[in-house]
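Asks: File name run_25.cif; file contents mmCIF, C-alpha atoms; full text below.
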```
data_input
#
loop_
_atom_site.label_atom_id
_atom_site.label_comp_id
_atom_site.auth_asym_id
_atom_site.auth_seq_id
_atom_site.Cartn_x
_atom_site.Cartn_y
_atom_site.Cartn_z
CA MET Z 36 -14.61 -43.42 -2.14
CA ARG Z 37 -13.80 -47.08 -2.21
CA VAL Z 38 -15.70 -50.34 -1.76
CA ILE Z 39 -13.47 -53.24 -0.74
CA GLN Z 40 -14.65 -56.76 0.07
CA ARG Z 41 -12.72 -59.54 1.74
CA ALA Z 42 -13.64 -62.96 3.16
CA ILE Z 43 -12.23 -63.92 6.56
CA GLN Z 44 -12.30 -67.62 7.49
CA VAL Z 45 -12.42 -68.75 11.11
CA GLU Z 46 -12.77 -72.16 12.74
CA SER Z 47 -15.15 -72.82 15.60
CA ARG Z 48 -14.01 -75.52 18.02
CA LYS Z 49 -17.20 -77.09 19.34
CA ARG Z 50 -20.96 -77.12 18.89
CA ILE Z 51 -21.61 -73.98 20.97
CA ASP Z 52 -18.66 -71.61 20.89
CA ILE Z 53 -17.76 -67.93 20.98
CA LEU Z 54 -14.80 -66.65 18.94
CA ASP Z 55 -13.21 -63.25 19.39
CA VAL Z 56 -12.50 -62.22 15.78
CA THR Z 57 -11.47 -58.60 16.43
CA GLU Z 58 -7.84 -59.03 15.44
CA PHE Z 59 -8.69 -60.70 12.13
CA VAL Z 60 -10.79 -57.65 11.24
CA ARG Z 61 -8.05 -55.22 12.30
CA GLU Z 62 -5.55 -57.11 10.15
CA ALA Z 63 -7.85 -56.97 7.12
CA LEU Z 64 -8.36 -53.22 7.57
CA ARG Z 65 -4.57 -52.75 7.64
CA GLU Z 66 -4.14 -54.86 4.50
CA ILE Z 67 -6.62 -52.74 2.55
CA SER Z 68 -5.22 -49.45 3.95
CA ALA Z 69 -8.63 -48.39 5.23
CA GLY Z 70 -9.20 -44.72 6.01
CA ASP Z 71 -12.46 -43.14 7.24
CA GLY Z 72 -15.68 -45.04 6.66
CA ILE Z 73 -17.64 -48.02 7.90
CA VAL Z 74 -16.99 -51.72 7.90
CA ASN Z 75 -19.84 -54.22 7.63
CA LEU Z 76 -19.10 -57.73 8.92
CA PHE Z 77 -21.61 -60.16 7.50
CA LEU Z 78 -22.07 -63.87 8.21
CA PRO Z 79 -23.47 -65.82 5.22
CA HIS Z 80 -24.71 -68.37 7.76
CA THR Z 81 -28.03 -69.09 9.47
CA THR Z 82 -26.72 -71.01 12.50
CA ALA Z 83 -24.05 -68.61 13.75
CA ALA Z 84 -24.41 -64.97 14.81
CA ILE Z 85 -22.19 -61.93 15.28
CA THR Z 86 -22.29 -59.29 17.99
CA LEU Z 87 -20.12 -56.84 19.92
CA ASN Z 88 -19.42 -57.19 23.61
CA GLU Z 89 -16.76 -57.72 26.24
CA ALA Z 90 -14.73 -60.95 25.89
CA GLU Z 91 -14.52 -61.59 29.64
CA PRO Z 92 -14.68 -65.40 30.11
CA GLY Z 93 -17.42 -65.27 32.75
CA LEU Z 94 -19.53 -63.05 30.52
CA LEU Z 95 -19.06 -65.36 27.54
CA ASP Z 96 -20.50 -68.15 29.70
CA ASP Z 97 -23.38 -65.85 30.65
CA ILE Z 98 -24.10 -65.15 26.97
CA GLU Z 99 -24.18 -68.88 26.21
CA ASN Z 100 -26.44 -69.46 29.23
CA LEU Z 101 -28.79 -66.66 28.17
CA LEU Z 102 -29.16 -68.06 24.66
CA ASP Z 103 -29.60 -71.55 26.02
CA ARG Z 104 -32.40 -70.27 28.25
CA LEU Z 105 -34.15 -68.33 25.45
CA ALA Z 106 -33.66 -70.93 22.69
CA PRO Z 107 -32.64 -74.22 24.35
CA GLU Z 108 -30.67 -76.82 22.43
CA LEU Z 109 -33.03 -79.56 23.46
CA SER Z 110 -36.59 -78.62 22.64
CA ASP Z 111 -39.39 -79.86 20.47
CA TYR Z 112 -38.75 -77.71 17.38
CA ASN Z 113 -40.53 -78.28 14.06
CA HIS Z 114 -37.31 -77.70 12.12
CA ASN Z 115 -35.68 -80.59 13.95
CA ARG Z 116 -37.84 -83.06 11.98
CA ILE Z 117 -35.47 -82.43 9.08
CA ASP Z 118 -32.37 -81.16 10.85
CA ASN Z 119 -31.09 -80.93 14.40
CA ASN Z 120 -30.13 -77.30 14.83
CA ALA Z 121 -33.25 -75.15 15.23
CA HIS Z 122 -31.81 -73.64 18.43
CA ALA Z 123 -28.92 -72.21 16.38
CA HIS Z 124 -31.22 -70.67 13.76
CA LEU Z 125 -33.33 -69.09 16.50
CA ARG Z 126 -30.32 -67.61 18.29
CA ASN Z 127 -29.24 -66.04 14.99
CA VAL Z 128 -32.67 -64.36 14.70
CA LEU Z 129 -32.24 -62.89 18.20
CA VAL Z 130 -28.60 -61.81 17.90
CA GLY Z 131 -28.22 -60.99 14.20
CA SER Z 132 -26.11 -61.81 11.15
CA SER Z 133 -24.04 -58.65 10.82
CA VAL Z 134 -22.51 -55.68 12.62
CA THR Z 135 -21.53 -52.34 11.14
CA ILE Z 136 -18.66 -50.48 12.83
CA PRO Z 137 -17.29 -46.97 12.14
CA VAL Z 138 -13.66 -46.77 11.00
CA SER Z 139 -11.48 -43.68 11.43
CA GLY Z 140 -7.95 -43.42 10.07
CA GLY Z 141 -8.06 -47.16 9.42
CA ASN Z 142 -8.96 -47.96 13.05
CA LEU Z 143 -12.15 -49.55 14.34
CA LEU Z 144 -13.95 -47.02 16.56
CA LEU Z 145 -14.69 -49.67 19.17
CA GLY Z 146 -15.13 -48.79 22.83
CA THR Z 147 -12.63 -49.93 25.46
CA TRP Z 148 -14.41 -53.19 26.21
CA GLN Z 149 -15.92 -53.95 22.81
CA ARG Z 150 -14.74 -57.02 20.94
CA ILE Z 151 -16.21 -58.58 17.81
CA LEU Z 152 -17.71 -61.94 18.80
CA LEU Z 153 -18.82 -64.73 16.49
CA LEU Z 154 -21.40 -66.90 18.25
CA GLU Z 155 -21.26 -70.46 16.91
CA GLY Z 156 -24.49 -72.40 17.35
CA ASP Z 157 -23.89 -75.57 15.33
CA GLY Z 158 -20.14 -76.21 15.13
CA PRO Z 159 -17.42 -77.11 14.89
CA ARG Z 160 -17.25 -75.60 11.42
CA THR Z 161 -15.35 -73.25 9.16
CA ARG Z 162 -17.20 -69.96 9.17
CA THR Z 163 -16.84 -67.06 6.75
CA ILE Z 164 -17.09 -63.39 7.67
CA VAL Z 165 -17.69 -61.19 4.60
CA LEU Z 166 -16.00 -57.84 5.30
CA THR Z 167 -17.16 -54.84 3.27
CA TYR Z 168 -15.32 -51.56 3.77
CA ILE Z 169 -16.94 -48.44 2.36
CA GLY Z 170 -15.00 -45.26 2.82
CA LEU Z 171 -12.20 -42.98 1.79
CA MET T 194 -19.61 -39.00 -1.93
CA ARG T 195 -18.76 -37.97 1.60
CA VAL T 196 -17.98 -39.72 4.87
CA ILE T 197 -18.63 -37.55 7.93
CA GLN T 198 -18.25 -38.66 11.53
CA ARG T 199 -19.50 -36.91 14.65
CA ALA T 200 -19.76 -37.90 18.32
CA ILE T 201 -23.02 -37.13 20.13
CA GLN T 202 -22.91 -37.15 23.95
CA VAL T 203 -26.01 -37.90 25.99
CA GLU T 204 -26.60 -38.34 29.72
CA SER T 205 -28.63 -41.19 31.14
CA ARG T 206 -30.45 -40.36 34.39
CA LYS T 207 -30.65 -43.66 36.26
CA ARG T 208 -29.46 -47.25 36.21
CA ILE T 209 -32.08 -48.48 33.75
CA ASP T 210 -33.22 -45.73 31.42
CA ILE T 211 -34.44 -45.10 27.88
CA LEU T 212 -33.47 -41.88 26.09
CA ASP T 213 -35.09 -40.63 22.90
CA VAL T 214 -32.10 -39.30 20.95
CA THR T 215 -33.86 -38.64 17.63
CA GLU T 216 -33.57 -34.85 17.74
CA PHE T 217 -29.81 -34.95 18.49
CA VAL T 218 -29.35 -37.02 15.33
CA ARG T 219 -31.54 -34.69 13.25
CA GLU T 220 -29.54 -31.69 14.49
CA ALA T 221 -26.25 -33.37 13.57
CA LEU T 222 -27.54 -34.17 10.06
CA ARG T 223 -28.49 -30.52 9.60
CA GLU T 224 -25.08 -29.34 10.78
CA ILE T 225 -23.28 -31.53 8.25
CA SER T 226 -25.75 -30.64 5.45
CA ALA T 227 -26.52 -34.30 4.79
CA GLY T 228 -28.08 -35.23 1.46
CA ASP T 229 -28.99 -38.76 0.29
CA GLY T 230 -27.28 -41.69 1.99
CA ILE T 231 -27.29 -43.65 5.21
CA VAL T 232 -26.45 -42.79 8.78
CA ASN T 233 -24.98 -45.37 11.13
CA LEU T 234 -25.43 -44.69 14.85
CA PHE T 235 -22.95 -46.72 16.83
CA LEU T 236 -22.56 -47.08 20.60
CA PRO T 237 -18.95 -47.74 21.69
CA HIS T 238 -20.43 -49.30 24.84
CA THR T 239 -21.18 -52.84 26.02
CA THR T 240 -23.81 -52.02 28.67
CA ALA T 241 -26.16 -49.81 26.66
CA ALA T 242 -28.03 -50.59 23.44
CA ILE T 243 -29.72 -48.69 20.63
CA THR T 244 -32.94 -49.48 18.80
CA LEU T 245 -35.84 -47.88 16.95
CA ASN T 246 -39.39 -47.90 18.24
CA GLU T 247 -42.27 -45.77 19.44
CA ALA T 248 -41.52 -43.54 22.43
CA GLU T 249 -44.93 -44.00 24.06
CA PRO T 250 -44.35 -44.02 27.86
CA GLY T 251 -46.31 -47.24 28.46
CA LEU T 252 -44.35 -49.00 25.74
CA LEU T 253 -41.03 -47.81 27.16
CA ASP T 254 -42.06 -49.46 30.44
CA ASP T 255 -42.97 -52.62 28.50
CA ILE T 256 -39.52 -52.63 26.85
CA GLU T 257 -37.82 -52.35 30.25
CA ASN T 258 -40.06 -55.10 31.63
CA LEU T 259 -39.31 -57.37 28.67
CA LEU T 260 -35.55 -56.98 29.07
CA ASP T 261 -35.84 -57.45 32.82
CA ARG T 262 -37.69 -60.69 32.19
CA LEU T 263 -35.21 -61.98 29.58
CA ALA T 264 -32.02 -60.81 31.36
CA PRO T 265 -32.95 -59.94 34.96
CA GLU T 266 -30.86 -57.46 36.93
CA LEU T 267 -30.65 -59.82 39.87
CA SER T 268 -29.39 -63.19 38.75
CA ASP T 269 -26.43 -65.44 39.40
CA TYR T 270 -24.21 -64.33 36.50
CA ASN T 271 -20.56 -65.38 36.18
CA HIS T 272 -19.55 -61.88 35.08
CA ASN T 273 -20.85 -60.46 38.36
CA ARG T 274 -17.92 -62.03 40.21
CA ILE T 275 -15.83 -59.19 38.81
CA ASP T 276 -18.48 -56.59 38.03
CA ASN T 277 -22.15 -56.04 38.77
CA ASN T 278 -23.69 -55.42 35.38
CA ALA T 279 -23.97 -58.68 33.43
CA HIS T 280 -27.68 -57.99 32.81
CA ALA T 281 -26.72 -54.85 30.86
CA HIS T 282 -24.16 -56.69 28.70
CA LEU T 283 -26.73 -59.40 27.92
CA ARG T 284 -29.42 -56.90 26.95
CA ASN T 285 -26.94 -55.29 24.56
CA VAL T 286 -26.39 -58.69 22.90
CA LEU T 287 -30.16 -59.05 22.40
CA VAL T 288 -30.92 -55.49 21.24
CA GLY T 289 -27.71 -54.46 19.47
CA SER T 290 -25.04 -51.73 19.43
CA SER T 291 -25.98 -49.83 16.29
CA VAL T 292 -28.76 -48.88 13.89
CA THR T 293 -28.43 -47.82 10.26
CA ILE T 294 -31.09 -45.46 8.91
CA PRO T 295 -31.63 -44.21 5.34
CA VAL T 296 -31.35 -40.45 4.80
CA SER T 297 -33.01 -38.58 1.92
CA GLY T 298 -32.52 -34.87 1.28
CA GLY T 299 -30.91 -34.64 4.70
CA ASN T 300 -33.95 -36.17 6.45
CA LEU T 301 -34.11 -39.45 8.36
CA LEU T 302 -36.48 -41.81 6.53
CA LEU T 303 -38.12 -42.86 9.78
CA GLY T 304 -41.71 -44.07 9.90
CA THR T 305 -44.40 -42.07 11.70
CA TRP T 306 -43.89 -43.76 15.06
CA GLN T 307 -40.18 -44.52 14.88
CA ARG T 308 -37.86 -42.81 17.35
CA ILE T 309 -34.20 -43.55 18.01
CA LEU T 310 -33.97 -45.00 21.53
CA LEU T 311 -30.83 -45.47 23.61
CA LEU T 312 -31.40 -48.19 26.20
CA GLU T 313 -29.24 -47.56 29.26
CA GLY T 314 -28.49 -50.69 31.27
CA ASP T 315 -25.89 -49.51 33.78
CA GLY T 316 -26.29 -45.77 34.31
CA PRO T 317 -26.40 -43.01 35.11
CA ARG T 318 -23.54 -42.25 32.72
CA THR T 319 -22.42 -40.09 29.85
CA ARG T 320 -22.89 -42.13 26.67
CA THR T 321 -21.42 -41.48 23.24
CA ILE T 322 -23.19 -42.14 19.95
CA VAL T 323 -20.76 -42.26 17.02
CA LEU T 324 -22.62 -40.93 13.98
CA THR T 325 -21.24 -41.85 10.55
CA TYR T 326 -22.94 -40.36 7.52
CA ILE T 327 -22.08 -41.86 4.15
CA GLY T 328 -23.74 -40.25 1.16
CA LEU T 329 -23.92 -37.45 -1.32
CA MET V 211 -19.96 -44.23 -6.09
CA ARG V 212 -23.72 -44.16 -6.15
CA VAL V 213 -26.51 -43.90 -3.58
CA ILE V 214 -29.81 -45.28 -4.85
CA GLN V 215 -33.01 -45.54 -2.83
CA ARG V 216 -36.15 -47.49 -3.66
CA ALA V 217 -39.31 -48.40 -1.75
CA ILE V 218 -40.55 -51.99 -1.97
CA GLN V 219 -44.18 -52.63 -0.95
CA VAL V 220 -45.28 -56.02 0.35
CA GLU V 221 -48.56 -57.30 1.77
CA SER V 222 -48.75 -59.39 4.91
CA ARG V 223 -51.63 -61.84 5.00
CA LYS V 224 -52.53 -62.21 8.68
CA ARG V 225 -51.81 -60.80 12.12
CA ILE V 226 -48.61 -62.82 12.66
CA ASP V 227 -46.89 -63.65 9.39
CA ILE V 228 -43.46 -64.19 7.84
CA LEU V 229 -42.80 -63.07 4.28
CA ASP V 230 -39.79 -64.14 2.22
CA VAL V 231 -38.91 -60.90 0.39
CA THR V 232 -35.59 -62.01 -1.11
CA GLU V 233 -36.73 -61.96 -4.73
CA PHE V 234 -38.17 -58.46 -4.47
CA VAL V 235 -34.76 -57.25 -3.32
CA ARG V 236 -32.94 -59.12 -6.11
CA GLU V 237 -35.30 -57.60 -8.68
CA ALA V 238 -34.68 -54.08 -7.32
CA LEU V 239 -30.90 -54.62 -7.48
CA ARG V 240 -31.21 -55.71 -11.12
CA GLU V 241 -33.34 -52.66 -11.96
CA ILE V 242 -30.75 -50.26 -10.54
CA SER V 243 -27.83 -52.17 -12.13
CA ALA V 244 -26.10 -52.58 -8.78
CA GLY V 245 -22.38 -53.42 -8.75
CA ASP V 246 -20.18 -53.86 -5.64
CA GLY V 247 -21.38 -52.34 -2.41
CA ILE V 248 -23.90 -52.84 0.38
CA VAL V 249 -27.67 -52.78 0.48
CA ASN V 250 -29.52 -51.64 3.59
CA LEU V 251 -33.11 -52.85 3.91
CA PHE V 252 -34.96 -50.68 6.38
CA LEU V 253 -38.51 -51.01 7.72
CA PRO V 254 -40.10 -47.67 8.63
CA HIS V 255 -42.37 -49.62 10.97
CA THR V 256 -42.42 -50.36 14.71
CA THR V 257 -44.58 -53.51 14.66
CA ALA V 258 -42.79 -55.56 12.00
CA ALA V 259 -39.16 -56.70 11.91
CA ILE V 260 -36.64 -57.92 9.34
CA THR V 261 -34.06 -60.67 9.65
CA LEU V 262 -32.14 -63.25 7.64
CA ASN V 263 -32.63 -66.96 8.02
CA GLU V 264 -33.72 -70.15 6.32
CA ALA V 265 -37.28 -70.14 4.95
CA GLU V 266 -37.99 -73.76 5.86
CA PRO V 267 -41.69 -73.94 6.89
CA GLY V 268 -41.02 -75.79 10.16
CA LEU V 269 -38.39 -73.23 11.12
CA LEU V 270 -40.73 -70.33 10.32
CA ASP V 271 -43.18 -71.86 12.81
CA ASP V 272 -40.34 -72.18 15.33
CA ILE V 273 -39.49 -68.48 14.89
CA GLU V 274 -43.12 -67.51 15.49
CA ASN V 275 -43.25 -69.79 18.54
CA LEU V 276 -40.02 -68.34 19.94
CA LEU V 277 -41.28 -64.77 19.62
CA ASP V 278 -44.64 -65.75 21.08
CA ARG V 279 -42.82 -67.24 24.06
CA LEU V 280 -40.53 -64.23 24.59
CA ALA V 281 -43.16 -61.54 23.91
CA PRO V 282 -46.61 -63.19 24.03
CA GLU V 283 -49.54 -61.69 22.17
CA LEU V 284 -51.76 -61.91 25.22
CA SER V 285 -50.07 -60.26 28.14
CA ASP V 286 -50.71 -57.34 30.47
CA TYR V 287 -48.71 -54.67 28.62
CA ASN V 288 -48.89 -50.96 29.52
CA HIS V 289 -48.96 -49.99 25.85
CA ASN V 290 -52.14 -51.99 25.36
CA ARG V 291 -54.10 -49.38 27.35
CA ILE V 292 -53.95 -47.23 24.21
CA ASP V 293 -53.35 -49.84 21.52
CA ASN V 294 -53.42 -53.60 21.21
CA ASN V 295 -50.06 -54.49 19.72
CA ALA V 296 -47.32 -54.19 22.35
CA HIS V 297 -46.15 -57.73 21.54
CA ALA V 298 -45.31 -56.61 18.00
CA HIS V 299 -43.33 -53.56 19.17
CA LEU V 300 -41.37 -55.76 21.58
CA ARG V 301 -40.55 -58.37 18.93
CA ASN V 302 -39.22 -55.56 16.72
CA VAL V 303 -36.87 -54.48 19.56
CA LEU V 304 -35.55 -58.05 19.80
CA VAL V 305 -35.23 -58.79 16.07
CA GLY V 306 -34.49 -55.36 14.58
CA SER V 307 -35.70 -52.92 11.92
CA SER V 308 -33.02 -53.34 9.27
CA VAL V 309 -30.44 -55.65 7.73
CA THR V 310 -27.36 -54.69 5.74
CA ILE V 311 -26.15 -57.18 3.12
CA PRO V 312 -23.00 -57.08 0.97
CA VAL V 313 -23.52 -56.94 -2.80
CA SER V 314 -20.94 -58.11 -5.35
CA GLY V 315 -21.39 -57.73 -9.10
CA GLY V 316 -25.02 -56.84 -8.42
CA ASN V 317 -25.65 -60.06 -6.47
CA LEU V 318 -26.57 -60.39 -2.81
CA LEU V 319 -23.74 -62.21 -1.00
CA LEU V 320 -26.20 -64.39 0.90
CA GLY V 321 -25.27 -67.85 2.12
CA THR V 322 -26.92 -70.96 0.69
CA TRP V 323 -29.75 -71.01 3.23
CA GLN V 324 -30.16 -67.31 3.87
CA ARG V 325 -33.39 -65.62 2.86
CA ILE V 326 -34.59 -62.12 3.74
CA LEU V 327 -37.59 -62.49 6.06
CA LEU V 328 -40.07 -59.80 7.04
CA LEU V 329 -41.70 -60.69 10.37
CA GLU V 330 -45.19 -59.22 10.55
CA GLY V 331 -46.43 -58.68 14.11
CA ASP V 332 -49.65 -56.70 13.62
CA GLY V 333 -51.02 -57.43 10.17
CA PRO V 334 -52.47 -57.87 7.71
CA ARG V 335 -50.99 -54.64 6.31
CA THR V 336 -49.08 -53.12 3.45
CA ARG V 337 -45.46 -52.84 4.58
CA THR V 338 -42.69 -50.77 3.03
CA ILE V 339 -39.06 -51.82 2.80
CA VAL V 340 -36.75 -48.85 2.11
CA LEU V 341 -33.84 -50.16 0.04
CA THR V 342 -30.65 -48.09 0.01
CA TYR V 343 -27.82 -49.25 -2.23
CA ILE V 344 -24.42 -47.65 -1.69
CA GLY V 345 -21.70 -48.80 -4.02
CA LEU V 346 -20.04 -48.66 -7.37
#
```
In structure tokens, write the structure found in this file.
Replies:
Amino acid sequence: MRVIQRAIQVESRKRIDILDVTEFVREALREISAGDGIVNLFLPHTTAAITLNEAEPGLLDDIENLLDRLAPELSDYNHNRIDNNAHAHLRNVLVGSSVTIPVSGGNLLLGTWQRILLLEGDGPRTRTIVLTYIGL
Amino acid sequence: MRVIQRAIQVESRKRIDILDVTEFVREALREISAGDGIVNLFLPHTTAAITLNEAEPGLLDDIENLLDRLAPELSDYNHNRIDNNAHAHLRNVLVGSSVTIPVSGGNLLLGTWQRILLLEGDGPRTRTIVLTYIGL
Amino acid sequence: MRVIQRAIQVESRKRIDILDVTEFVREALREISAGDGIVNLFLPHTTAAITLNEAEPGLLDDIENLLDRLAPELSDYNHNRIDNNAHAHLRNVLVGSSVTIPVSGGNLLLGTWQRILLLEGDGPRTRTIVLTYIGL
């Protein structure tokens, strides 16, 4: 059994953005010669989130619209007295800070349409994904 | 330490459905003689979700009503230009694609009222739950 | 490789409450001499939730307001025919019952602003966090 940790850096391009980071994760799993286990992808951030879904451009717009409806950018938030990004914190609470994906023979056991999506809520910024592989 | 992976197949019965899959997971843990560790239950799907909660029939209706309010089936989604199931993708983003549950002596450490619920958003379909046990 | 499980008890103070439980988790990791791995923090409860975010008081109010908007305490829920806490179950479905955090050299790999927050939805109560450490 092995525990291997790596940091993956990605760059968001605008304030609200969605990045497909699947290939960065696949590359890291190849570099560490992963076998059978799980990989946890963890964002050490409170204003970005990570999820799995289809990377169809229309759907990515729908995801942004959904989050903008549930936690609008412009609203009278208490946190915005000291900062200007409460919407991004709230979207992180709804979507989550990590995903855990099974790995078999070094390959992510993702479904046909599943991609790993980083949801930026307060960019553009450099974001870190902490990858932890636990397995054989 | 062991890593054991199994696929569990379940059948949803209608377009929007909630399946209690707890006993399938317990059976799989018995078959693999699980000890102390964690079990990750992962859906390789983008239009179904998995969560833990009470399987009281009124509450299951409330969960469906909540998701229908937050991501209605009938709405003007961009993704629906090429498909007809954006609501199901969006509910997956809100609820999540996997749960990780502690296991002790082969038993799920669930609370009294906790059941493992698969939330179907675009059925009826055969759905796969990828079970990964990591532990002693 | 080791698997170590511990139960952490915390007390919520009112019906809707947010508890910062980060230091309890750090203390447990010290006690078990954690090294490199992951820690899963699991609530065996259906009416409380766990997430990661900043513990700024204004933001904690914003989180409570968001959840009260998405799943209001006073609403005509089916589950409330037999109980009076459907709102808390629904918030758990949206936020989630567990978080998994990477650990390196015994330390949580949290970002600068990340704290571990237990969201009480039907307190005051004693709540249990099941900690499972898997690692070296």
Asks: Do you have the CA of Asp255 in chain T-CA of His289 in chain V distance handy?
Replies: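 If I compute the distance from CA of Asp255 in chain T to CA of His289 in chain V, I get 7.1 Å.
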Asks: For the file shown, what are the residues hit by the PyMOL selection byres ((chain V) within 6 of (chain Z)), laid out as a list in words?
Replies: Asn263, Gly268, Leu269, Val305, Leu320 and Gly321 of chain V
Asks: Give me the result of the PyMOL selection byres ((chain Z and resi 67) around 10) on this file, residue by residue, as a PyMOL selection string.
Replies: chain Z and resi 39-41+62-66+68-70+141+168
Asks: Please, what distance in Å, to one decimal, runs between CA of Ile311 in chain V and CA of Gln324 in chain V?
Replies: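 The value is 10.9 Å.
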Asks: So what do you get for CA of Glu204 in chain T versus CA of Glu313 in chain T, distance-wise?
Replies: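 Pair CA of Glu204 in chain T / CA of Glu313 in chain T returns 9.6 Å.
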Asks: Starting from the PyMOL selection byres ((chain Z and resi 162) around 7), expand the selection into actual residues of this file and give them as JSON, numbers by chain.
Replies: {"Z": [44, 45, 46, 160, 161, 163, 164]}
Asks: Quick one: write out the picked residues with C-alpha atoms as a compact mmCIF listing (two decimals), keeping the file's coordinate frame?
Replies:
```txt
# COMPACT_ATOMS: atom_id res chain seq x y z
CA GLN Z 44 -12.30 -67.62 7.49
CA VAL Z 45 -12.42 -68.75 11.11
CA GLU Z 46 -12.77 -72.16 12.74
CA ARG Z 160 -17.25 -75.60 11.42
CA THR Z 161 -15.35 -73.25 9.16
CA THR Z 163 -16.84 -67.06 6.75
CA ILE Z 164 -17.09 -63.39 7.67
```
Asks: List as a JSON list (two decimals) with C-alpha atoms, in the frame of the given file the protein and nucleic acid residues near Ser139 in chain Z, meaning an atom at most 8 Å away when only C-alpha atoms are counted, but skip any in the same chain fewer than 2 places from it.
Replies:
```json
[["chain", "number", "residue", "atom", "x", "y", "z"],
["Z", 70, "GLY", "CA", -9.20, -44.72, 6.01],
["Z", 71, "ASP", "CA", -12.46, -43.14, 7.24],
["Z", 72, "GLY", "CA", -15.68, -45.04, 6.66],
["Z", 137, "PRO", "CA", -17.29, -46.97, 12.14],
["Z", 141, "GLY", "CA", -8.06, -47.16, 9.42],
["Z", 142, "ASN", "CA", -8.96, -47.96, 13.05],
["Z", 143, "LEU", "CA", -12.15, -49.55, 14.34],
["Z", 144, "LEU", "CA", -13.95, -47.02, 16.56]]
```
